[in-house]
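Input: a single structure, listed below in structure tokens.
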Amino acid sequence: MTLWPTELTPSEEQLEERVSLRMGRQERLCTPDRPELWAVLDEAVLRRPVGGQVVMCEQLARLLGTTAEPHITVQVLPFDQGEHDVLTGHDPIRDGGQPPWSEGPFPN
């Protein structure tokens, strides 16, 4: 049984483009005119093993390191909070009815 349609499997070119865009966003956060970043992560993204233990440890260390930056806020939505609007990437109070940017296999 396939949970994701095969059309969602990115090509090598698409993967390279995604990595390039992500690296560019990371670099942007280090510039003098950097934007504020506020990320709310579902607890599942911290618990789902992706890439093996070494990769997960490196990713978590990188994430923790970003929280030392004054312009970056990272929050975790715990499982016990149940369903919440931020799980859909949409907070109608904060964004005036417009969904914010999100990253994933599905467009906003």
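By order of appearance in the structure tokens: chains A, B, ..., then residues from 1 within every chain, and ligands from 1 in the order shown.
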
Which residues, written as a PDB file with all heavy atoms, in the first residue's frame, have at least one atom at most 7 Å from Trp38 of chain A, with only C-alpha atoms counted and residues fewer than 3 positions away on the same chain left out?
ATOM      1  N   ILE A  72      15.207  34.481  16.028  1.00  0.00           N
ATOM      2  CA  ILE A  72      14.596  33.183  15.714  1.00  0.00           C
ATOM      3  C   ILE A  72      13.871  32.648  16.950  1.00  0.00           C
ATOM      4  O   ILE A  72      14.449  32.557  18.032  1.00  0.00           O
ATOM      5  CB  ILE A  72      15.651  32.164  15.243  1.00  0.00           C
ATOM      6  CG1 ILE A  72      16.304  32.649  13.950  1.00  0.00           C
ATOM      7  CG2 ILE A  72      15.009  30.788  15.051  1.00  0.00           C
ATOM      8  CD1 ILE A  72      17.414  31.749  13.439  1.00  0.00           C
ATOM      9  N   THR A  73      12.604  32.309  16.761  1.00  0.00           N
ATOM     10  CA  THR A  73      11.805  31.685  17.816  1.00  0.00           C
ATOM     11  C   THR A  73      11.345  30.330  17.300  1.00  0.00           C
ATOM     12  O   THR A  73      10.789  30.239  16.200  1.00  0.00           O
ATOM     13  CB  THR A  73      10.569  32.544  18.153  1.00  0.00           C
ATOM     14  OG1 THR A  73      11.011  33.839  18.567  1.00  0.00           O
ATOM     15  CG2 THR A  73       9.727  31.914  19.239  1.00  0.00           C
ATOM     16  N   VAL A  74      11.595  29.288  18.082  1.00  0.00           N
ATOM     17  CA  VAL A  74      11.145  27.940  17.731  1.00  0.00           C
ATOM     18  C   VAL A  74      10.285  27.431  18.877  1.00  0.00           C
ATOM     19  O   VAL A  74      10.708  27.445  20.030  1.00  0.00           O
ATOM     20  CB  VAL A  74      12.331  26.975  17.501  1.00  0.00           C
ATOM     21  CG1 VAL A  74      11.817  25.568  17.194  1.00  0.00           C
ATOM     22  CG2 VAL A  74      13.223  27.470  16.377  1.00  0.00           C
TER      23      VAL A  74
END

At what distance in Å, to one decimal, does atom CA of Pro78 of chain A lie from atom CA of Arg28 of chain A?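 Atom CA of Pro78 of chain A lies at a distance of 28.8 Å from atom CA of Arg28 of chain A.
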
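Between atom CA of His71 of chain A and atom CA of Glu36 of chain A the interatomic distance comes to 4.8 Å.
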
DSSP on the backbone: what in segment 14-78 of chain A comes out strand (DSSP E or B), as a ChimeraX atom specification? /A:37-42,72-77

One decimal, in Å: what's the spacing between atom CA of Leu63 of chain A and atom CA of Arg34 of chain A?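 Atom CA of Arg34 of chain A lies 17.5 Å from atom CA of Leu63 of chain A.
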
Best match for closeness to Leu37 of chain A among A:Gln53, A:Leu60, A:Leu15, A:Arg25, counting only C-alpha atoms: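 Residue with the minimum atom-to-atom distance to Leu37 of chain A: A:Arg25.
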
Which residues are near Leu46 of chain A? Cut-off 10 Å, only C-alpha atoms, ignore same chain within fewer than 6 positions. Put them as a ChimeraX atom specification. /A:56,59-60,76
